[in-house]
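With mmCIF, C-alpha atoms and all ligand atoms inside, this is my_file-v7.cif:
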```cif
data_entry
loop_
_atom_site.label_atom_id
_atom_site.label_comp_id
_atom_site.auth_asym_id
_atom_site.auth_seq_id
_atom_site.Cartn_x
_atom_site.Cartn_y
_atom_site.Cartn_z
CA ARG A 1 7.17 -1.31 -24.58
CA LEU A 2 4.35 -3.90 -24.78
CA SER A 3 1.81 -4.14 -21.98
CA PRO A 4 0.26 -7.61 -22.26
CA LEU A 5 -0.90 -7.89 -18.65
CA HIS A 6 -2.44 -4.43 -18.61
CA ASP A 7 -4.17 -5.00 -21.96
CA ALA A 8 -5.53 -8.39 -20.85
CA LEU A 9 -6.77 -6.96 -17.55
CA ARG A 10 -8.50 -4.04 -19.27
CA HIS A 11 -10.15 -6.48 -21.65
CA ARG A 12 -11.37 -8.68 -18.80
CA CYS A 13 -12.67 -5.65 -16.91
CA SER A 14 -14.52 -4.30 -19.94
CA ARG A 15 -16.42 -7.61 -20.00
CA GLY A 16 -17.08 -7.51 -16.24
CA GLN A 17 -14.75 -10.45 -15.56
CA LYS A 18 -13.20 -10.60 -12.09
CA SER A 19 -9.69 -11.68 -11.10
CA LEU A 20 -7.92 -13.01 -8.01
CA ALA A 21 -4.47 -11.87 -6.90
CA VAL A 22 -2.63 -13.69 -4.10
CA LEU A 23 -0.20 -11.47 -2.20
CA LEU A 24 2.96 -13.22 -1.04
CA ASP A 25 4.99 -11.30 1.52
CA PRO A 26 8.61 -12.55 1.62
CA ASP A 27 8.76 -11.71 5.34
CA ASP A 28 5.84 -13.97 6.21
CA LEU A 29 6.49 -17.02 4.06
CA ASP A 30 9.16 -19.70 4.19
CA GLU A 31 9.78 -22.09 1.31
CA ALA A 32 7.38 -24.74 2.62
CA GLY A 33 4.59 -22.16 2.97
CA THR A 34 5.20 -20.86 -0.53
CA ARG A 35 5.17 -24.38 -1.97
CA ARG A 36 1.85 -25.09 -0.24
CA ILE A 37 0.29 -21.98 -1.80
CA LEU A 38 1.85 -22.85 -5.16
CA ALA A 39 0.31 -26.33 -5.08
CA LEU A 40 -3.11 -24.87 -4.26
CA SER A 41 -2.78 -22.24 -6.97
CA ASN A 42 -2.16 -24.97 -9.52
CA THR A 43 -5.44 -26.68 -8.64
CA HIS A 44 -7.52 -23.53 -8.10
CA SER A 45 -7.60 -20.58 -10.40
CA VAL A 46 -5.29 -17.68 -9.48
CA ASP A 47 -4.77 -14.80 -11.91
CA TYR A 48 -1.79 -12.99 -10.38
CA PHE A 49 0.82 -13.39 -7.69
CA PHE A 50 1.65 -10.06 -6.11
CA VAL A 51 5.02 -10.14 -4.29
CA GLY A 52 6.02 -7.59 -1.68
CA GLY A 53 5.05 -5.94 1.56
CA SER A 54 5.14 -2.56 3.27
CA LEU A 55 8.37 -3.45 5.05
CA VAL A 56 10.45 -6.29 3.66
CA THR A 57 13.30 -7.21 6.00
CA SER A 58 14.15 -10.71 4.77
CA GLN A 59 16.44 -11.59 1.89
CA HIS A 60 13.94 -14.12 0.53
CA GLN A 61 12.24 -12.10 -2.17
CA THR A 62 14.52 -13.23 -5.01
CA ALA A 63 14.28 -16.90 -4.02
CA LEU A 64 10.51 -16.60 -3.63
CA ILE A 65 10.08 -15.15 -7.12
CA ARG A 66 12.38 -17.82 -8.59
CA LEU A 67 10.26 -20.53 -6.94
CA LEU A 68 7.06 -19.03 -8.35
CA LYS A 69 8.50 -18.68 -11.84
CA THR A 70 9.82 -22.26 -11.79
CA HIS A 71 6.60 -23.92 -10.68
CA SER A 72 3.78 -21.79 -12.03
CA GLN A 73 2.57 -19.97 -15.11
CA VAL A 74 0.73 -17.35 -13.03
CA PRO A 75 2.17 -13.87 -13.72
CA VAL A 76 4.34 -12.49 -10.92
CA VAL A 77 3.72 -8.80 -10.22
CA LEU A 78 5.94 -6.82 -7.86
CA PHE A 79 4.10 -4.86 -5.17
CA PRO A 80 7.06 -2.81 -3.94
CA SER A 81 7.28 -0.65 -0.85
CA ASN A 82 10.25 1.23 -2.30
CA SER A 83 12.76 1.23 -5.14
CA LEU A 84 14.96 -1.38 -3.40
CA HIS A 85 12.47 -4.10 -4.17
CA ILE A 86 12.71 -4.11 -7.93
CA ASP A 87 13.49 -7.60 -9.19
CA ALA A 88 13.86 -8.17 -12.91
CA GLN A 89 12.83 -11.84 -12.65
CA ALA A 90 9.20 -10.84 -12.13
CA ASP A 91 6.83 -10.22 -15.04
CA ALA A 92 5.54 -6.80 -14.05
CA ILE A 93 5.57 -4.12 -11.40
CA LEU A 94 2.76 -2.10 -9.87
CA LEU A 95 4.39 1.32 -10.14
CA LEU A 96 2.52 2.78 -7.21
CA SER A 97 1.84 6.46 -6.84
CA LEU A 98 0.45 6.94 -3.34
CA ILE A 99 -2.26 9.40 -4.33
CA SER A 100 -4.16 9.19 -1.04
CA GLY A 101 -1.12 10.72 0.67
CA ARG A 102 0.84 13.93 0.41
CA ASN A 103 4.33 12.50 0.77
CA PRO A 104 6.30 13.48 -2.35
CA ASP A 105 8.70 10.57 -1.89
CA PHE A 106 5.89 8.09 -2.65
CA LEU A 107 4.29 10.29 -5.30
CA ILE A 108 7.45 10.79 -7.39
CA GLY A 109 10.70 10.47 -5.36
CA GLN A 110 11.05 6.67 -5.33
CA HIS A 111 10.00 6.61 -8.97
CA VAL A 112 12.92 8.82 -10.00
CA VAL A 113 15.35 6.42 -8.30
CA ALA A 114 13.63 3.43 -9.90
CA ALA A 115 13.29 4.83 -13.42
CA PRO A 116 16.66 3.74 -14.88
CA LEU A 117 16.38 0.31 -13.24
CA LEU A 118 12.94 -0.17 -14.75
CA ARG A 119 14.11 1.11 -18.14
CA ALA A 120 16.92 -1.48 -18.14
CA SER A 121 14.60 -4.34 -17.13
CA GLN A 122 11.98 -6.23 -19.11
CA LEU A 123 9.36 -5.65 -16.42
CA GLU A 124 5.95 -4.56 -17.63
CA ILE A 125 5.16 -1.30 -15.87
CA LEU A 126 1.65 -0.95 -14.46
CA PRO A 127 1.20 2.72 -13.41
CA THR A 128 -1.12 2.48 -10.42
CA GLY A 129 -2.91 5.04 -8.28
CA TYR A 130 -2.52 3.62 -4.78
CA MET A 131 -5.03 4.69 -2.16
CA LEU A 132 -4.60 3.67 1.46
CA VAL A 133 -7.88 3.64 3.35
CA ASP A 134 -8.26 3.82 7.11
CA SER A 135 -9.13 0.34 8.30
CA GLY A 136 -9.60 0.75 12.03
CA ARG A 137 -5.95 0.58 13.05
CA GLN A 138 -2.67 1.98 11.85
CA THR A 139 -1.19 -0.36 9.27
CA THR A 140 2.47 -0.82 8.40
CA ALA A 141 1.76 0.77 5.01
CA SER A 142 0.42 4.03 6.44
CA TYR A 143 3.15 4.25 9.10
CA MET A 144 6.01 3.44 6.71
CA SER A 145 4.74 5.82 4.04
CA GLY A 146 4.24 8.64 6.56
CA THR A 147 0.81 9.37 5.13
CA THR A 148 -2.70 9.74 6.49
CA PRO A 149 -5.02 7.16 4.97
CA LEU A 150 -8.33 8.17 3.41
CA PRO A 151 -11.13 8.21 6.00
CA HIS A 152 -13.05 4.92 5.84
CA ASP A 153 -16.45 6.65 5.65
CA LYS A 154 -15.64 9.29 3.02
CA PRO A 155 -16.34 7.64 -0.35
CA THR A 156 -16.54 11.02 -2.09
CA ILE A 157 -12.92 11.82 -1.24
CA ALA A 158 -11.90 8.42 -2.62
CA ALA A 159 -13.92 9.00 -5.80
CA CYS A 160 -12.35 12.43 -6.40
CA THR A 161 -8.87 11.05 -5.68
CA ALA A 162 -9.41 8.25 -8.18
CA MET A 163 -10.75 10.71 -10.75
CA ALA A 164 -7.64 12.85 -10.36
CA GLY A 165 -5.45 9.77 -10.75
CA GLU A 166 -7.25 8.81 -13.95
CA GLN A 167 -6.92 12.35 -15.29
CA LEU A 168 -3.17 12.20 -14.55
CA GLY A 169 -2.94 9.14 -16.78
CA LEU A 170 -2.61 6.33 -14.24
CA GLY A 171 -3.73 2.97 -15.60
CA LEU A 172 -5.06 1.14 -12.52
CA MET A 173 -6.52 2.06 -9.14
CA TYR A 174 -5.67 0.12 -5.99
CA LEU A 175 -7.86 0.66 -2.93
CA ASP A 176 -6.06 -0.87 0.04
CA GLY A 177 -7.04 -1.11 3.68
CA GLY A 178 -3.47 -2.30 4.30
CA SER A 179 -2.37 -5.79 5.15
CA GLY A 180 -4.33 -7.24 8.06
CA ALA A 181 -6.85 -4.40 7.99
CA MET A 182 -9.54 -4.68 10.69
CA HIS A 183 -12.21 -3.63 8.19
CA PRO A 184 -11.86 -4.02 4.43
CA VAL A 185 -12.55 -1.04 2.18
CA SER A 186 -16.30 -0.43 2.39
CA PRO A 187 -18.67 -1.43 -0.42
CA ALA A 188 -19.86 2.21 -0.51
CA MET A 189 -16.33 3.45 -1.22
CA ILE A 190 -15.71 0.79 -3.89
CA ARG A 191 -19.02 1.71 -5.57
CA ALA A 192 -18.15 5.42 -5.50
CA VAL A 193 -14.76 4.80 -7.12
CA ARG A 194 -16.37 2.41 -9.64
CA GLN A 195 -18.76 5.18 -10.69
CA ALA A 196 -15.97 7.76 -10.86
CA VAL A 197 -13.45 6.00 -13.12
CA GLU A 198 -13.31 3.50 -15.96
CA LEU A 199 -9.94 2.06 -14.90
CA PRO A 200 -9.59 -1.45 -13.52
CA ILE A 201 -9.99 -1.34 -9.73
CA ILE A 202 -7.92 -3.53 -7.41
CA VAL A 203 -9.16 -3.92 -3.83
CA GLY A 204 -7.28 -5.49 -0.92
CA GLY A 205 -6.67 -5.39 2.79
CA GLY A 206 -8.60 -7.41 5.36
CA ILE A 207 -10.53 -9.60 2.91
CA ASN A 208 -10.57 -12.72 5.07
CA THR A 209 -13.94 -14.34 4.37
CA ALA A 210 -15.77 -15.44 1.23
CA GLU A 211 -18.52 -12.93 2.10
CA LYS A 212 -16.09 -9.99 2.15
CA ALA A 213 -14.61 -11.14 -1.16
CA HIS A 214 -18.07 -11.35 -2.69
CA ALA A 215 -19.02 -7.91 -1.31
CA ALA A 216 -15.92 -6.30 -2.86
CA LEU A 217 -16.64 -7.91 -6.25
CA THR A 218 -20.31 -6.99 -6.33
CA SER A 219 -19.43 -3.40 -5.37
CA GLY A 220 -17.20 -3.03 -8.42
CA ALA A 221 -13.73 -4.41 -7.64
CA ASP A 222 -12.17 -5.99 -10.75
CA VAL A 223 -9.31 -7.65 -8.88
CA ILE A 224 -9.34 -8.71 -5.23
CA VAL A 225 -6.06 -9.20 -3.37
CA ILE A 226 -5.73 -11.68 -0.52
CA GLY A 227 -2.59 -11.95 1.57
CA ASN A 228 -2.86 -12.64 5.31
CA GLN A 229 -5.76 -15.03 5.28
CA ILE A 230 -4.11 -17.31 2.71
CA GLU A 231 -0.84 -17.21 4.65
CA LYS A 232 -2.76 -18.20 7.82
CA GLU A 233 -5.03 -20.75 6.18
CA PRO A 234 -3.84 -21.72 2.68
CA GLU A 235 -7.10 -23.59 1.96
CA PHE A 236 -8.84 -20.19 1.90
CA LEU A 237 -7.30 -19.84 -1.56
CA GLY A 238 -9.68 -22.55 -2.84
CA GLU A 239 -12.65 -20.88 -1.17
CA VAL A 240 -11.98 -17.40 -2.54
CA SER A 241 -11.06 -18.76 -5.97
CA ARG A 242 -14.50 -20.41 -6.12
CA VAL A 243 -16.14 -17.06 -5.27
CA VAL A 244 -14.38 -15.37 -8.20
CA HIS A 245 -14.99 -18.33 -10.52
CA THR A 246 -18.71 -18.50 -9.67
CA PHE A 247 -19.03 -14.76 -10.21
CA ASN A 248 -17.50 -15.10 -13.69
CA GLU A 249 -19.62 -18.14 -14.56
CA VAL A 250 -22.83 -16.32 -13.65
CA LEU A 251 -21.69 -13.36 -15.75
CA ASN A 252 -20.90 -15.61 -18.74
CA ALA A 253 -24.28 -17.30 -18.45
CA THR A 254 -25.97 -13.88 -18.44
CA LEU A 255 -24.00 -12.71 -21.48
CA ASN A 256 -24.67 -15.87 -23.54
C1 LIG A 301 -2.30 -5.56 1.44
O1 LIG A 301 -4.06 -5.59 -0.14
C2 LIG A 301 -3.11 -6.37 0.50
O2 LIG A 301 -1.61 -4.55 0.83
C3 LIG A 301 -3.66 -7.62 1.11
O3 LIG A 301 -4.11 -7.44 2.43
O4 LIG A 301 -2.95 -9.21 3.73
O5 LIG A 301 -5.03 -8.14 4.62
O6 LIG A 301 -5.15 -9.72 2.68
P1 LIG A 301 -4.33 -8.70 3.41
#
```
As structure tokens:
Amino acid sequence: RLSPLHDALRHRCSRGQKSLAVLLDPDDLDEAGTRRILALSNTHSVDYFFVGGSLVTSQHQTALIRLLKTHSQVPVVLFPSNSLHIDAQADAILLLSLISGRNPDFLIGQHVVAAPLLRASQLEILPTGYMLVDSGRQTTASYMSGTTPLPHDKPTIAACTAMAGEQLGLGLMYLDGGSGAMHPVSPAMIRAVRQAVELPIIVGGGINTAEKAHAALTSGADVIVIGNQIEKEPEFLGEVSRVVHTFNEVLNATLN
């Protein structure tokens, strides 16, 4: 099976290029809200739409993905909380292995259920080491997964966890404070993971200012994920897109 998104992301990362992913949670967005974000994403640069949430109760996910695919060229990547949220209309799926936790259901159980569905679909599979990091309060993700997040101030544990994930053959690392995190993943932890692995690193959870976005990128994040803040204030998409764009422009100027 071809892996165009993974190959392109690895190529970007090897050149130090940064990317922006906008997380759309079907439970939080109605059609008007999605259209507003779509319009902004067509004027500002967005690299990926992630679709999902730690607990999806609405029936909107299919309609949301259809809307994105109809009005945008930005790749749609599923960010599933379990095997029920596979949707073959998307372009790819983050096949998350929750390596910060010790719950076998999220390390392999859900994957067994999903395997034949994924085999039958055209979805690009992005095998991802998913690390939940304590962010100052219990998030839906840590409660629903029944796992203890990584301690916020223990970058060495995060680095060793990421190393183990890379040695197991995972293709991406996702450091997540969880949606609406009080504190984003610390720069020290991102730096430690950056030094430990060569894989592309995705960082999300609680990035709600341009400064926090910039801090994550300078610490070594290849992709930053923004959900809540764009849902609350869609214009933040323009602000954070400029942060990523400026970062890449400075890098290009240095390389040329
Ligand atoms: C959560 O990383 C994502 O899984 C995004 O978090 O909603 O806090 O931006 P926010």
Taking every listed atom of stretch 237-254 of chain A and adding 6 Å to each side, what centre and edge lengths in Å (one decimal) does the axis-aligned box have, as lines of an AutoDock Vina configuration file?
```
center_x = -16.6
center_y = -18.0
center_z = -10.0
size_x = 30.7
size_y = 21.2
size_z = 29.6
```
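Excluding A:His214 itself and any same-chain residue fewer than 5 positions from it, the protein and nucleic acid residues within 9 Å of it, counting all atoms listed in the file, are Thr209, Ser219, Val240, Val243, Val244 and Phe247 of chain A.
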Compile the contact shell of A:Leu217 as a PDB file with C-alpha atoms, in the frame of the given file: residues with an atom at most 9 Å away, counting only C-alpha atoms, same-chain residues fewer than 3 positions apart removed.
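Once written, out03.pdb looks like this:
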```pdb
ATOM      1  CA  LYS A  18     -13.200 -10.600 -12.090  1.00  0.00           C
ATOM      2  CA  PRO A 187     -18.670  -1.430  -0.420  1.00  0.00           C
ATOM      3  CA  VAL A 203      -9.160  -3.920  -3.830  1.00  0.00           C
ATOM      4  CA  LYS A 212     -16.090  -9.990   2.150  1.00  0.00           C
ATOM      5  CA  ALA A 213     -14.610 -11.140  -1.160  1.00  0.00           C
ATOM      6  CA  HIS A 214     -18.070 -11.350  -2.690  1.00  0.00           C
ATOM      7  CA  GLY A 220     -17.200  -3.030  -8.420  1.00  0.00           C
ATOM      8  CA  ALA A 221     -13.730  -4.410  -7.640  1.00  0.00           C
ATOM      9  CA  ASP A 222     -12.170  -5.990 -10.750  1.00  0.00           C
ATOM     10  CA  VAL A 223      -9.310  -7.650  -8.880  1.00  0.00           C
ATOM     11  CA  ILE A 224      -9.340  -8.710  -5.230  1.00  0.00           C
ATOM     12  CA  VAL A 244     -14.380 -15.370  -8.200  1.00  0.00           C
ATOM     13  CA  PHE A 247     -19.030 -14.760 -10.210  1.00  0.00           C
TER      14      PHE A 247
END
```
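Between atom CA of A:Thr156 and atom CA of A:Ile207 the separation is 22.1 Å.
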Check: Which protein, DNA or RNA residues have an atom within 10 Å of ligand LIG 301 (chain A), counting all atoms listed in the file, as an MDAnalysis selection string?
Finding: chainID A and resid 21:25 50 52:54 79 81 130 132 139:141 174:185 202:208 224:232
Item checked: Exercise: A:Leu84 partners within 10 Å, only C-alpha atoms, chain neighbours under 3 positions left out, as an NGL selection string -> :A and (56 or 80-81 or 87 or 110 or 113-114)
Can you spit out the residues from that selection as an mmCIF file, keeping the file's coordinate frame, using C-alpha atoms?
```cif
data_model
loop_
_atom_site.group_PDB
_atom_site.id
_atom_site.type_symbol
_atom_site.label_atom_id
_atom_site.label_comp_id
_atom_site.auth_asym_id
_atom_site.auth_seq_id
_atom_site.Cartn_x
_atom_site.Cartn_y
_atom_site.Cartn_z
ATOM 1 C CA VAL A 56 10.450 -6.290 3.660
ATOM 2 C CA PRO A 80 7.060 -2.810 -3.940
ATOM 3 C CA SER A 81 7.280 -0.650 -0.850
ATOM 4 C CA ASP A 87 13.490 -7.600 -9.190
ATOM 5 C CA GLN A 110 11.050 6.670 -5.330
ATOM 6 C CA VAL A 113 15.350 6.420 -8.300
ATOM 7 C CA ALA A 114 13.630 3.430 -9.900
#
```
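Of the residues under consideration (A:Ala159, A:Leu68, A:Ala196, A:Ala188), A:Ala159 shows the shortest atom-to-atom contact distance to A:Ser100 when counting all atoms listed in the file.
Between atom CA of A:Asn248 and atom CA of A:Gly16 lies a distance of 8.0 Å.
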Next item on the list: Could you jot down the atom CA of A:Thr148 to atom CA of A:Ala192 separation for me, Å, one decimal place?
Entry: 20.0 Å
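With all atoms listed in the file as the basis for measurement, A:Leu126 is the residue among A:Ile108, A:Leu126, A:Leu29, A:Val250 that approaches A:Leu199 most closely.
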